[in-house]
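Participant: I'm passing along target34.cif; it holds mmCIF, C-alpha atoms; chains and numbers go by the auth columns.
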```cif
data_start
#
loop_
_atom_site.group_PDB
_atom_site.id
_atom_site.type_symbol
_atom_site.label_atom_id
_atom_site.label_comp_id
_atom_site.label_asym_id
_atom_site.label_seq_id
_atom_site.Cartn_x
_atom_site.Cartn_y
_atom_site.Cartn_z
_atom_site.B_iso_or_equiv
_atom_site.auth_seq_id
_atom_site.auth_asym_id
ATOM 1 C CA MET A 1 131.190 72.370 59.083 0.00 1 A
ATOM 2 C CA VAL A 2 127.423 72.566 58.672 0.00 2 A
ATOM 3 C CA ALA A 3 127.781 76.327 58.287 0.00 3 A
ATOM 4 C CA GLU A 4 130.426 75.809 55.597 0.00 4 A
ATOM 5 C CA PHE A 5 128.024 73.597 53.694 0.00 5 A
ATOM 6 C CA ARG A 6 125.310 76.216 53.970 0.00 6 A
ATOM 7 C CA GLN A 7 127.669 78.983 52.831 0.00 7 A
ATOM 8 C CA ALA A 8 128.562 76.883 49.805 0.00 8 A
ATOM 9 C CA GLY A 9 124.865 76.701 48.968 0.00 9 A
ATOM 10 C CA CYS A 10 124.679 73.115 50.114 0.00 10 A
ATOM 11 C CA GLY A 11 121.283 72.158 51.459 0.00 11 A
ATOM 12 C CA LEU A 12 119.618 68.841 52.112 0.00 12 A
ATOM 13 C CA SER A 13 120.131 67.357 48.646 0.00 13 A
ATOM 14 C CA PRO A 14 121.380 63.749 48.554 0.00 14 A
ATOM 15 C CA GLU A 15 124.729 64.884 47.065 0.00 15 A
ATOM 16 C CA CYS A 16 125.335 67.370 49.860 0.00 16 A
ATOM 17 C CA MET A 17 124.196 64.980 52.571 0.00 17 A
ATOM 18 C CA THR A 18 126.545 62.319 51.195 0.00 18 A
ATOM 19 C CA GLY A 19 129.415 64.810 51.108 0.00 19 A
ATOM 20 C CA GLN A 20 128.748 65.860 54.665 0.00 20 A
ATOM 21 C CA GLY A 21 128.583 62.237 55.773 0.00 21 A
ATOM 22 C CA ASN A 22 131.891 61.494 54.076 0.00 22 A
ATOM 23 C CA ILE A 23 133.573 64.407 55.826 0.00 23 A
ATOM 24 C CA MET A 24 132.203 63.247 59.183 0.00 24 A
ATOM 25 C CA ASN A 25 133.490 59.736 58.501 0.00 25 A
ATOM 26 C CA ASP A 26 136.912 61.135 57.609 0.00 26 A
ATOM 27 C CA MET A 27 136.966 63.152 60.824 0.00 27 A
ATOM 28 C CA ARG A 28 135.988 60.080 62.813 0.00 28 A
ATOM 29 C CA ALA A 29 138.788 58.062 61.197 0.00 29 A
ATOM 30 C CA GLU A 30 141.376 60.782 61.858 0.00 30 A
ATOM 31 C CA LEU A 31 140.192 61.073 65.437 0.00 31 A
ATOM 32 C CA GLY A 32 140.649 57.332 65.892 0.00 32 A
ATOM 33 C CA LEU A 33 144.175 57.571 64.526 0.00 33 A
ATOM 34 C CA TRP A 34 145.092 60.552 66.681 0.00 34 A
ATOM 35 C CA VAL A 35 143.690 59.139 69.911 0.00 35 A
ATOM 36 C CA GLY A 36 145.910 56.078 69.457 0.00 36 A
ATOM 37 C CA ARG A 37 148.965 58.331 69.099 0.00 37 A
ATOM 38 C CA ILE A 38 147.951 60.475 72.078 0.00 38 A
ATOM 39 C CA GLU A 39 147.458 57.378 74.225 0.00 39 A
ATOM 40 C CA LYS A 40 150.885 56.032 73.249 0.00 40 A
ATOM 41 C CA ILE A 41 152.632 59.282 74.188 0.00 41 A
ATOM 42 C CA LEU A 42 150.751 59.463 77.489 0.00 42 A
ATOM 43 C CA VAL A 43 151.599 55.836 78.317 0.00 43 A
ATOM 44 C CA ASP A 44 155.278 56.464 77.478 0.00 44 A
ATOM 45 C CA ARG A 45 155.267 59.515 79.740 0.00 45 A
ATOM 46 C CA GLY A 46 153.613 57.759 82.651 0.00 46 A
ATOM 47 C CA VAL A 47 150.255 59.532 82.566 0.00 47 A
ATOM 48 C CA LEU A 48 148.200 56.516 81.411 0.00 48 A
ATOM 49 C CA ASN A 49 148.640 52.856 82.280 0.00 49 A
ATOM 50 C CA ASP A 50 148.633 50.043 79.708 0.00 50 A
ATOM 51 C CA GLN A 51 144.827 49.901 79.872 0.00 51 A
ATOM 52 C CA GLY A 52 144.567 53.558 78.892 0.00 52 A
ATOM 53 C CA GLN A 53 143.417 54.635 82.348 0.00 53 A
ATOM 54 C CA LEU A 54 144.972 57.414 84.403 0.00 54 A
ATOM 55 C CA GLU A 55 147.906 56.146 86.445 0.00 55 A
ATOM 56 C CA THR A 56 146.970 56.045 90.120 0.00 56 A
ATOM 57 C CA THR A 57 149.883 58.372 90.890 0.00 57 A
ATOM 58 C CA ILE A 58 148.221 61.143 88.858 0.00 58 A
ATOM 59 C CA GLY A 59 146.147 63.268 91.193 0.00 59 A
ATOM 60 C CA THR A 60 144.176 66.372 90.337 0.00 60 A
ATOM 61 C CA SER A 61 146.928 67.895 88.205 0.00 61 A
ATOM 62 C CA LEU A 62 149.014 66.689 85.273 0.00 62 A
ATOM 63 C CA PRO A 63 152.805 66.243 85.488 0.00 63 A
ATOM 64 C CA GLN A 64 154.416 69.634 85.018 0.00 64 A
ATOM 65 C CA GLU A 65 155.973 69.003 81.588 0.00 65 A
ATOM 66 C CA ILE A 66 152.659 67.661 80.242 0.00 66 A
ATOM 67 C CA GLU A 67 150.772 70.557 81.781 0.00 67 A
ATOM 68 C CA GLU A 68 153.156 73.009 80.113 0.00 68 A
ATOM 69 C CA SER A 69 152.825 71.232 76.753 0.00 69 A
ATOM 70 C CA LEU A 70 149.044 71.329 76.946 0.00 70 A
ATOM 71 C CA ASP A 71 148.754 74.823 78.351 0.00 71 A
ATOM 72 C CA GLY A 72 145.636 76.433 76.937 0.00 72 A
ATOM 73 C CA PHE A 73 144.156 73.190 75.588 0.00 73 A
ATOM 74 C CA VAL A 74 143.626 70.937 78.586 0.00 74 A
ATOM 75 C CA GLU A 75 143.660 72.160 82.163 0.00 75 A
ATOM 76 C CA ASN A 76 143.549 68.970 84.215 0.00 76 A
ATOM 77 C CA PRO A 77 143.482 65.150 84.008 0.00 77 A
ATOM 78 C CA ILE A 78 139.680 65.071 84.028 0.00 78 A
ATOM 79 C CA GLU A 79 139.488 67.174 80.856 0.00 79 A
ATOM 80 C CA LEU A 80 142.127 64.984 79.221 0.00 80 A
ATOM 81 C CA ILE A 81 140.214 61.819 80.101 0.00 81 A
ATOM 82 C CA GLY A 82 137.032 63.458 78.816 0.00 82 A
ATOM 83 C CA LEU A 83 138.671 64.130 75.449 0.00 83 A
ATOM 84 C CA LEU A 84 140.068 60.586 75.250 0.00 84 A
ATOM 85 C CA ARG A 85 136.680 59.074 76.108 0.00 85 A
ATOM 86 C CA ILE A 86 134.899 61.040 73.385 0.00 86 A
ATOM 87 C CA ALA A 87 137.637 60.253 70.841 0.00 87 A
ATOM 88 C CA ARG A 88 137.526 56.541 71.689 0.00 88 A
ATOM 89 C CA GLU A 89 133.746 56.547 71.339 0.00 89 A
ATOM 90 C CA ALA A 90 134.066 58.241 67.950 0.00 90 A
ATOM 91 C CA ARG A 91 136.603 55.595 66.912 0.00 91 A
ATOM 92 C CA ASP A 92 134.299 52.843 68.151 0.00 92 A
ATOM 93 C CA GLY A 93 131.335 54.157 66.199 0.00 93 A
ATOM 94 C CA ARG A 94 129.138 55.760 68.871 0.00 94 A
ATOM 95 C CA PRO A 95 126.872 58.302 67.171 0.00 95 A
ATOM 96 C CA LEU A 96 128.155 61.799 67.956 0.00 96 A
ATOM 97 C CA SER A 97 126.618 65.090 66.952 0.00 97 A
ATOM 98 C CA PRO A 98 128.559 67.149 64.389 0.00 98 A
ATOM 99 C CA ALA A 99 129.291 69.732 67.115 0.00 99 A
ATOM 100 C CA VAL A 100 130.915 67.174 69.425 0.00 100 A
ATOM 101 C CA LEU A 101 132.742 65.432 66.594 0.00 101 A
ATOM 102 C CA MET A 102 134.180 68.688 65.258 0.00 102 A
ATOM 103 C CA ALA A 103 135.152 69.977 68.709 0.00 103 A
ATOM 104 C CA ALA A 104 136.829 66.670 69.593 0.00 104 A
ATOM 105 C CA HIS A 105 138.587 66.567 66.211 0.00 105 A
ATOM 106 C CA LEU A 106 139.972 70.074 66.679 0.00 106 A
ATOM 107 C CA MET A 107 141.041 69.529 70.274 0.00 107 A
ATOM 108 C CA ALA A 108 142.624 66.113 69.616 0.00 108 A
ATOM 109 C CA ARG A 109 144.694 67.562 66.759 0.00 109 A
ATOM 110 C CA GLU A 110 145.934 70.423 68.945 0.00 110 A
ATOM 111 C CA VAL A 111 146.667 68.127 71.888 0.00 111 A
ATOM 112 C CA LEU A 112 148.580 65.662 69.698 0.00 112 A
ATOM 113 C CA GLN A 113 150.677 68.434 68.141 0.00 113 A
ATOM 114 C CA ALA A 114 151.391 69.933 71.556 0.00 114 A
ATOM 115 C CA LEU A 115 152.424 66.567 72.989 0.00 115 A
ATOM 116 C CA GLN A 116 154.615 65.783 69.967 0.00 116 A
ATOM 117 C CA ASN A 117 156.281 69.195 70.197 0.00 117 A
ATOM 118 C CA GLY A 118 156.932 68.570 73.888 0.00 118 A
ATOM 119 C CA GLU A 119 158.389 65.085 73.405 0.00 119 A
ATOM 120 C CA PRO A 120 161.993 64.597 74.484 0.00 120 A
ATOM 121 C CA ARG A 121 164.373 64.470 71.493 0.00 121 A
ATOM 122 C CA ARG A 122 165.983 61.074 70.891 0.00 122 A
ATOM 123 C CA MET B 1 110.504 63.664 75.015 0.00 1 B
ATOM 124 C CA SER B 2 110.421 64.610 78.720 0.00 2 B
ATOM 125 C CA ALA B 3 108.978 67.977 79.793 0.00 3 B
ATOM 126 C CA GLU B 4 112.078 68.650 81.877 0.00 4 B
ATOM 127 C CA LYS B 5 114.533 71.295 80.677 0.00 5 B
ATOM 128 C CA ILE B 6 118.130 70.524 81.559 0.00 6 B
ATOM 129 C CA LEU B 7 120.666 73.283 82.123 0.00 7 B
ATOM 130 C CA ILE B 8 124.318 72.337 81.609 0.00 8 B
ATOM 131 C CA VAL B 9 126.721 74.481 83.621 0.00 9 B
ATOM 132 C CA GLU B 10 130.168 73.636 82.281 0.00 10 B
ATOM 133 C CA ASP B 11 132.933 75.835 80.859 0.00 11 B
ATOM 134 C CA ASN B 12 134.694 73.211 78.746 0.00 12 B
ATOM 135 C CA ALA B 13 132.959 73.463 75.373 0.00 13 B
ATOM 136 C CA LEU B 14 133.729 69.902 74.313 0.00 14 B
ATOM 137 C CA LEU B 15 132.527 68.335 77.569 0.00 15 B
ATOM 138 C CA ALA B 16 129.430 70.550 77.557 0.00 16 B
ATOM 139 C CA GLU B 17 128.466 69.583 74.000 0.00 17 B
ATOM 140 C CA ASP B 18 129.104 65.922 74.774 0.00 18 B
ATOM 141 C CA LEU B 19 126.875 66.183 77.844 0.00 19 B
ATOM 142 C CA ARG B 20 124.186 67.772 75.677 0.00 20 B
ATOM 143 C CA ASP B 21 124.444 64.792 73.285 0.00 21 B
ATOM 144 C CA ILE B 22 124.151 62.353 76.181 0.00 22 B
ATOM 145 C CA ILE B 23 121.163 64.171 77.673 0.00 23 B
ATOM 146 C CA SER B 24 119.475 64.245 74.288 0.00 24 B
ATOM 147 C CA SER B 25 120.105 60.517 73.788 0.00 25 B
ATOM 148 C CA TYR B 26 118.045 59.878 76.950 0.00 26 B
ATOM 149 C CA GLY B 27 115.125 61.880 75.567 0.00 27 B
ATOM 150 C CA TYR B 28 115.616 65.132 77.462 0.00 28 B
ATOM 151 C CA GLU B 29 115.823 68.654 76.132 0.00 29 B
ATOM 152 C CA THR B 30 118.460 71.127 77.269 0.00 30 B
ATOM 153 C CA SER B 31 117.623 74.716 78.159 0.00 31 B
ATOM 154 C CA GLY B 32 121.175 75.743 77.305 0.00 32 B
ATOM 155 C CA ILE B 33 124.823 75.661 78.244 0.00 33 B
ATOM 156 C CA ALA B 34 126.163 78.144 80.791 0.00 34 B
ATOM 157 C CA ASP B 35 129.854 78.689 81.418 0.00 35 B
ATOM 158 C CA SER B 36 129.590 81.265 84.235 0.00 36 B
ATOM 159 C CA PHE B 37 127.289 82.520 86.970 0.00 37 B
ATOM 160 C CA GLU B 38 125.925 85.240 84.703 0.00 38 B
ATOM 161 C CA THR B 39 124.964 82.918 81.849 0.00 39 B
ATOM 162 C CA ALA B 40 123.472 80.413 84.313 0.00 40 B
ATOM 163 C CA ARG B 41 121.407 83.228 85.857 0.00 41 B
ATOM 164 C CA ARG B 42 119.994 84.122 82.443 0.00 42 B
ATOM 165 C CA LEU B 43 119.036 80.522 81.624 0.00 43 B
ATOM 166 C CA ALA B 44 117.680 79.699 85.087 0.00 44 B
ATOM 167 C CA PRO B 45 114.028 80.673 84.418 0.00 45 B
ATOM 168 C CA PHE B 46 113.897 78.211 81.518 0.00 46 B
ATOM 169 C CA SER B 47 115.370 75.271 83.445 0.00 47 B
ATOM 170 C CA THR B 48 113.960 72.596 85.754 0.00 48 B
ATOM 171 C CA ILE B 49 117.084 70.456 86.265 0.00 49 B
ATOM 172 C CA ALA B 50 120.753 71.487 86.259 0.00 50 B
ATOM 173 C CA LEU B 51 124.053 69.635 86.090 0.00 51 B
ATOM 174 C CA VAL B 52 126.705 71.959 87.478 0.00 52 B
ATOM 175 C CA ASP B 53 130.504 71.841 87.394 0.00 53 B
ATOM 176 C CA VAL B 54 132.501 73.500 90.201 0.00 54 B
ATOM 177 C CA ASN B 55 135.112 75.381 88.185 0.00 55 B
ATOM 178 C CA LEU B 56 133.669 77.719 85.589 0.00 56 B
ATOM 179 C CA ARG B 57 134.915 80.501 83.332 0.00 57 B
ATOM 180 C CA ASP B 58 134.557 83.021 86.168 0.00 58 B
ATOM 181 C CA GLY B 59 136.282 80.842 88.778 0.00 59 B
ATOM 182 C CA ALA B 60 135.058 78.248 91.267 0.00 60 B
ATOM 183 C CA THR B 61 131.541 79.676 91.146 0.00 61 B
ATOM 184 C CA GLY B 62 129.739 76.347 90.565 0.00 62 B
ATOM 185 C CA PRO B 63 128.582 75.971 94.204 0.00 63 B
ATOM 186 C CA MET B 64 127.225 79.526 94.164 0.00 64 B
ATOM 187 C CA VAL B 65 125.435 78.837 90.866 0.00 65 B
ATOM 188 C CA ALA B 66 123.979 75.619 92.271 0.00 66 B
ATOM 189 C CA ARG B 67 122.626 77.271 95.420 0.00 67 B
ATOM 190 C CA TYR B 68 121.185 80.132 93.363 0.00 68 B
ATOM 191 C CA LEU B 69 119.407 77.807 90.923 0.00 69 B
ATOM 192 C CA ALA B 70 117.960 75.709 93.755 0.00 70 B
ATOM 193 C CA SER B 71 116.880 78.505 96.074 0.00 71 B
ATOM 194 C CA GLU B 72 115.719 81.169 93.607 0.00 72 B
ATOM 195 C CA HIS B 73 114.251 79.018 90.833 0.00 73 B
ATOM 196 C CA GLY B 74 113.491 75.643 92.457 0.00 74 B
ATOM 197 C CA VAL B 75 115.793 73.875 89.995 0.00 75 B
ATOM 198 C CA ALA B 76 116.804 70.304 90.928 0.00 76 B
ATOM 199 C CA VAL B 77 120.610 70.472 90.904 0.00 77 B
ATOM 200 C CA VAL B 78 123.336 67.842 90.859 0.00 78 B
ATOM 201 C CA MET B 79 126.996 68.813 90.909 0.00 79 B
ATOM 202 C CA VAL B 80 129.156 67.117 88.250 0.00 80 B
ATOM 203 C CA THR B 81 132.767 67.663 89.176 0.00 81 B
ATOM 204 C CA GLY B 82 136.303 66.400 89.043 0.00 82 B
ATOM 205 C CA ASN B 83 136.886 68.257 92.278 0.00 83 B
ATOM 206 C CA PRO B 84 134.570 66.521 94.784 0.00 84 B
ATOM 207 C CA GLU B 85 136.498 67.910 97.764 0.00 85 B
ATOM 208 C CA ALA B 86 135.099 71.335 96.925 0.00 86 B
ATOM 209 C CA VAL B 87 131.575 70.168 97.761 0.00 87 B
ATOM 210 C CA GLN B 88 132.314 67.394 100.258 0.00 88 B
ATOM 211 C CA ASN B 89 130.193 69.016 102.972 0.00 89 B
ATOM 212 C CA GLY B 90 127.176 69.283 100.703 0.00 90 B
ATOM 213 C CA LEU B 91 125.373 72.376 99.490 0.00 91 B
ATOM 214 C CA SER B 92 122.137 73.772 100.780 0.00 92 B
ATOM 215 C CA GLY B 93 119.220 72.854 98.502 0.00 93 B
ATOM 216 C CA VAL B 94 121.417 70.831 96.132 0.00 94 B
ATOM 217 C CA VAL B 95 120.396 67.208 95.566 0.00 95 B
ATOM 218 C CA GLY B 96 123.809 65.566 95.264 0.00 96 B
ATOM 219 C CA MET B 97 127.057 65.107 93.413 0.00 97 B
ATOM 220 C CA ILE B 98 128.609 62.824 90.818 0.00 98 B
ATOM 221 C CA SER B 99 132.289 62.653 89.930 0.00 99 B
ATOM 222 C CA LYS B 100 133.920 63.219 86.570 0.00 100 B
ATOM 223 C CA PRO B 101 134.828 61.649 84.253 0.00 101 B
ATOM 224 C CA ILE B 102 131.174 61.217 83.442 0.00 102 B
ATOM 225 C CA HIS B 103 129.631 57.892 82.490 0.00 103 B
ATOM 226 C CA PRO B 104 126.664 58.306 80.131 0.00 104 B
ATOM 227 C CA PRO B 105 124.497 55.597 81.794 0.00 105 B
ATOM 228 C CA LEU B 106 124.899 57.327 85.170 0.00 106 B
ATOM 229 C CA ILE B 107 123.782 60.634 83.657 0.00 107 B
ATOM 230 C CA GLY B 108 120.647 58.885 82.407 0.00 108 B
ATOM 231 C CA LYS B 109 119.923 57.430 85.858 0.00 109 B
ATOM 232 C CA VAL B 110 120.542 60.764 87.572 0.00 110 B
ATOM 233 C CA LEU B 111 118.069 62.486 85.242 0.00 111 B
ATOM 234 C CA ILE B 112 115.391 59.869 85.970 0.00 112 B
ATOM 235 C CA TYR B 113 116.054 60.274 89.695 0.00 113 B
ATOM 236 C CA LEU B 114 115.804 64.073 89.515 0.00 114 B
ATOM 237 C CA GLN B 115 112.595 63.795 87.526 0.00 115 B
ATOM 238 C CA ASP B 116 111.165 61.524 90.269 0.00 116 B
ATOM 239 C CA VAL B 117 112.280 63.941 92.977 0.00 117 B
ATOM 240 C CA ARG B 118 110.594 66.838 91.210 0.00 118 B
ATOM 241 C CA ARG B 119 107.374 64.901 90.591 0.00 119 B
ATOM 242 C CA ASP B 120 107.017 62.899 93.820 0.00 120 B
ATOM 243 C CA GLY B 121 109.378 64.662 96.185 0.00 121 B
ATOM 244 C CA ARG B 122 111.448 61.501 96.509 0.00 122 B
ATOM 245 C CA GLY B 123 113.219 58.780 94.574 0.00 123 B
ATOM 246 C CA ILE B 124 115.982 56.232 94.825 0.00 124 B
ATOM 247 C CA PRO B 125 119.376 57.810 94.213 0.00 125 B
ATOM 248 C CA PRO B 126 121.429 55.844 91.674 0.00 126 B
ATOM 249 C CA SER B 127 124.628 54.225 92.856 0.00 127 B
ATOM 250 C CA GLY B 128 127.436 56.462 91.693 0.00 128 B
ATOM 251 C CA MET B 129 125.667 59.595 92.912 0.00 129 B
ATOM 252 C CA ARG B 130 126.376 60.944 96.379 0.00 130 B
ATOM 253 C CA PRO B 131 123.188 62.476 97.754 0.00 131 B
ATOM 254 C CA PHE B 132 123.491 65.545 99.964 0.00 132 B
ATOM 255 C CA ALA B 133 121.468 65.462 103.164 0.00 133 B
#
```
Just dump the structure as structure tokens.
Facilitator:
Amino acid sequence: MVAEFRQAGCGLSPECMTGQGNIMNDMRAELGLWVGRIEKILVDRGVLNDQGQLETTIGTSLPQEIEESLDGFVENPIELIGLLRIAREARDGRPLSPAVLMAAHLMAREVLQALQNGEPRR
Amino acid sequence: MSAEKILIVEDNALLAEDLRDIISSYGYETSGIADSFETARRLAPFSTIALVDVNLRDGATGPMVARYLASEHGVAVVMVTGNPEAVQNGLSGVVGMISKPIHPPLIGKVLIYLQDVRRDGRGIPPSGMRPFA
């Protein structure tokens, strides 16, 4: 994102800084929305409990259908919890660097799409 | 800003960048992020403290990385892993282990502890960290 601003000739002027801040705020808002959807799917599929914590029955590996859905994005429950923690912190306003915010935004979008694609049809 | 240089050995880019943010928020500088033995080896001379995951891009080489950093470069190393069984018997020269998922306040306490160990040769390990004998 910062690189895109630089490529567009955007430096440290107030206009550019405001634009960058707006984009970061948008990303933070989207991340908050997506983490809620991810949590709901994971609760429905028995991975998280109602408090958003890993179910005690989940050991060191994810249920097979979740693991297959998330193949290539998330390898184990610890990585999934790591993503959820960062996304929740973004939603709750913890200051995050642009690198973390962008990486979390990208990964959360991919994880949500993968989980939605893997959801049982109703 | 502390004089310590913290090496992050972690192959998940998101978790590594988040850890860098956390470390920075406690006033420490990172020497870099390594995702394999080779990259850790290159960054070792510039590091005084390392936080090392077990599973890396080149396999479960974290314990080997940790022993190398401690024995060859005198780096104070703590394992940070979601797979504590892999290091349950401890590792020669390695200070201890904390479990993932990480909690930012514990990372801060571990860094203070490692700084004390490097300066005074001892310190009080924070609860939440399992010291190796």
Participant: Report the distance between atom CA of Ala99 of chain A and atom CA of Thr81 of chain B in Å, rounded to one decimal place.
Facilitator: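 Pair atom CA of Ala99 of chain A / atom CA of Thr81 of chain B returns 22.4 Å.
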Participant: Please tabulate, as a Markdown table, the residues of chain A that come within 8 Å of chain B, each with its closest pair of atoms and the distance in Å to one decimal, counting all atoms listed in the file and ordering rows by chain, then residue number upward.
Facilitator:
```
| residue | atom | partner | partner_atom | distance |
| --- | --- | --- | --- | --- |
| A:Thr60 | CA | B:Asn83 | CA | 7.8 |
| A:Ile78 | CA | B:Pro101 | CA | 5.9 |
| A:Glu79 | CA | B:Leu15 | CA | 7.8 |
| A:Ile81 | CA | B:Pro101 | CA | 6.8 |
| A:Gly82 | CA | B:Pro101 | CA | 6.1 |
| A:Leu83 | CA | B:Leu14 | CA | 7.7 |
| A:Ile86 | CA | B:Asp18 | CA | 7.7 |
| A:Leu96 | CA | B:Asp21 | CA | 7.2 |
| A:Ser97 | CA | B:Asp21 | CA | 6.7 |
| A:Ala99 | CA | B:Glu17 | CA | 6.9 |
| A:Val100 | CA | B:Glu17 | CA | 5.7 |
| A:Ala103 | CA | B:Leu14 | CA | 5.8 |
| A:Ala104 | CA | B:Leu14 | CA | 6.5 |
```
Participant: Could you write those residues out with C-alpha atoms, as a PDB file, in the frame of the given file?
Facilitator:
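File part-v3.pdb, as written:
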```pdb
ATOM      1  CA  THR A  60     144.176  66.372  90.337  1.00  0.00           C
ATOM      2  CA  ILE A  78     139.680  65.071  84.028  1.00  0.00           C
ATOM      3  CA  GLU A  79     139.488  67.174  80.856  1.00  0.00           C
ATOM      4  CA  ILE A  81     140.214  61.819  80.101  1.00  0.00           C
ATOM      5  CA  GLY A  82     137.032  63.458  78.816  1.00  0.00           C
ATOM      6  CA  LEU A  83     138.671  64.130  75.449  1.00  0.00           C
ATOM      7  CA  ILE A  86     134.899  61.040  73.385  1.00  0.00           C
ATOM      8  CA  LEU A  96     128.155  61.799  67.956  1.00  0.00           C
ATOM      9  CA  SER A  97     126.618  65.090  66.952  1.00  0.00           C
ATOM     10  CA  ALA A  99     129.291  69.732  67.115  1.00  0.00           C
ATOM     11  CA  VAL A 100     130.915  67.174  69.425  1.00  0.00           C
ATOM     12  CA  ALA A 103     135.152  69.977  68.709  1.00  0.00           C
ATOM     13  CA  ALA A 104     136.829  66.670  69.593  1.00  0.00           C
TER      14      ALA A 104
END
```
Participant: Rounded to one decimal, what separation in Å do you get between atom CA of Gly128 of chain B and atom CA of Ile33 of chain B?
Facilitator: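 Atom CA of Ile33 of chain B lies 23.6 Å from atom CA of Gly128 of chain B.
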Participant: Can you turn the PyMOL selection byres ((chain B and resi 51) around 12) into a concrete residue list for this file, as number ranges by chain?
Facilitator: B: 5-10, 16, 19-20, 23, 30-35, 40, 44, 47-50, 52-54, 62-63, 65-66, 69-70, 75-81, 94-100, 102, 107-108, 110-111, 114
Participant: Care to translate the PyMOL selection byres ((chain A and resi 75) around 12) into actual residues of this file, as an mmCIF file with C-alpha atoms, in the frame of the given file?
Facilitator:
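The new file result.cif reads:
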```cif
data_model
loop_
_atom_site.group_PDB
_atom_site.id
_atom_site.type_symbol
_atom_site.label_atom_id
_atom_site.label_comp_id
_atom_site.auth_asym_id
_atom_site.auth_seq_id
_atom_site.Cartn_x
_atom_site.Cartn_y
_atom_site.Cartn_z
ATOM 1 C CA THR A 60 144.176 66.372 90.337
ATOM 2 C CA SER A 61 146.928 67.895 88.205
ATOM 3 C CA LEU A 62 149.014 66.689 85.273
ATOM 4 C CA PRO A 63 152.805 66.243 85.488
ATOM 5 C CA GLN A 64 154.416 69.634 85.018
ATOM 6 C CA ILE A 66 152.659 67.661 80.242
ATOM 7 C CA GLU A 67 150.772 70.557 81.781
ATOM 8 C CA GLU A 68 153.156 73.009 80.113
ATOM 9 C CA SER A 69 152.825 71.232 76.753
ATOM 10 C CA LEU A 70 149.044 71.329 76.946
ATOM 11 C CA ASP A 71 148.754 74.823 78.351
ATOM 12 C CA GLY A 72 145.636 76.433 76.937
ATOM 13 C CA PHE A 73 144.156 73.190 75.588
ATOM 14 C CA VAL A 74 143.626 70.937 78.586
ATOM 15 C CA ASN A 76 143.549 68.970 84.215
ATOM 16 C CA PRO A 77 143.482 65.150 84.008
ATOM 17 C CA ILE A 78 139.680 65.071 84.028
ATOM 18 C CA GLU A 79 139.488 67.174 80.856
ATOM 19 C CA LEU A 80 142.127 64.984 79.221
ATOM 20 C CA ILE A 81 140.214 61.819 80.101
ATOM 21 C CA GLY A 82 137.032 63.458 78.816
ATOM 22 C CA LEU A 83 138.671 64.130 75.449
ATOM 23 C CA VAL A 111 146.667 68.127 71.888
ATOM 24 C CA ASP B 11 132.933 75.835 80.859
ATOM 25 C CA ASN B 12 134.694 73.211 78.746
ATOM 26 C CA ASN B 55 135.112 75.381 88.185
ATOM 27 C CA LEU B 56 133.669 77.719 85.589
ATOM 28 C CA GLY B 82 136.303 66.400 89.043
#
```
Participant: Of the candidates A:Leu106, A:Ala87, A:Ala114, A:Leu101, which one gets nearest to Leu33 of chain A if we count all atoms listed in the file?
Facilitator: A:Ala87
Participant: As an exercise, work out the distance from atom CA of Arg88 of chain A to atom CA of Val35 of chain A in Å and give it to one decimal place.
Facilitator: 6.9 Å
Participant: Give me the residues near Arg45 of chain A as a list in words, where near means some atom within 10 Å (using all atoms listed in the file) and where sequence neighbours in that chain fewer than 2 positions away do not count.
Facilitator: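 Near neighbours after the sequence-gap exclusion: Glu39, Lys40, Ile41, Leu42, Val43, Val47, Leu48, Asn49, Pro63, Glu65, Ile66, Glu119 and Pro120 of chain A.
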Participant: Mind writing the picked residues with C-alpha atoms as a PDB file, keeping the file's coordinate frame?
Facilitator:
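The result, stored in part-v9.pdb:
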```pdb
ATOM      1  CA  GLU A  39     147.458  57.378  74.225  1.00  0.00           C
ATOM      2  CA  LYS A  40     150.885  56.032  73.249  1.00  0.00           C
ATOM      3  CA  ILE A  41     152.632  59.282  74.188  1.00  0.00           C
ATOM      4  CA  LEU A  42     150.751  59.463  77.489  1.00  0.00           C
ATOM      5  CA  VAL A  43     151.599  55.836  78.317  1.00  0.00           C
ATOM      6  CA  VAL A  47     150.255  59.532  82.566  1.00  0.00           C
ATOM      7  CA  LEU A  48     148.200  56.516  81.411  1.00  0.00           C
ATOM      8  CA  ASN A  49     148.640  52.856  82.280  1.00  0.00           C
ATOM      9  CA  PRO A  63     152.805  66.243  85.488  1.00  0.00           C
ATOM     10  CA  GLU A  65     155.973  69.003  81.588  1.00  0.00           C
ATOM     11  CA  ILE A  66     152.659  67.661  80.242  1.00  0.00           C
ATOM     12  CA  GLU A 119     158.389  65.085  73.405  1.00  0.00           C
ATOM     13  CA  PRO A 120     161.993  64.597  74.484  1.00  0.00           C
TER      14      PRO A 120
END
```
Participant: Counting only C-alpha atoms, which residue out of A:Gly46, A:Arg85, A:Ala108, A:Gln51 sits closest to Met27 of chain A?
Facilitator: A:Ala108
Participant: So that all listed atoms of segment 112-117 of chain A fit with 8 Å spare on each side, what axis-aligned box centre and edge lengths in Å, to one decimal, would you give as AutoDock Vina command-line options?
Facilitator:
```
--center_x 152.4 --center_y 67.8 --center_z 70.6 --size_x 23.7 --size_y 20.3 --size_z 20.8
```
Participant: Please evaluate the PyMOL selection byres ((chain A and resi 91) around 7) against the displayed coordinates and give the resulting residues as a ChimeraX atom specification.
Facilitator: /A:28-29,31-32,87-90,92-93
Participant: Include C-alpha atoms and write out the residues we just selected as a short mmCIF file (atom, residue, chain, number, x, y, z; two decimals), in the coordinates of the input.
Facilitator:
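What landed in part34.cif:
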```cif
data_model
loop_
_atom_site.label_atom_id
_atom_site.label_comp_id
_atom_site.auth_asym_id
_atom_site.auth_seq_id
_atom_site.Cartn_x
_atom_site.Cartn_y
_atom_site.Cartn_z
CA ARG A 28 135.99 60.08 62.81
CA ALA A 29 138.79 58.06 61.20
CA LEU A 31 140.19 61.07 65.44
CA GLY A 32 140.65 57.33 65.89
CA ALA A 87 137.64 60.25 70.84
CA ARG A 88 137.53 56.54 71.69
CA GLU A 89 133.75 56.55 71.34
CA ALA A 90 134.07 58.24 67.95
CA ASP A 92 134.30 52.84 68.15
CA GLY A 93 131.34 54.16 66.20
#
```
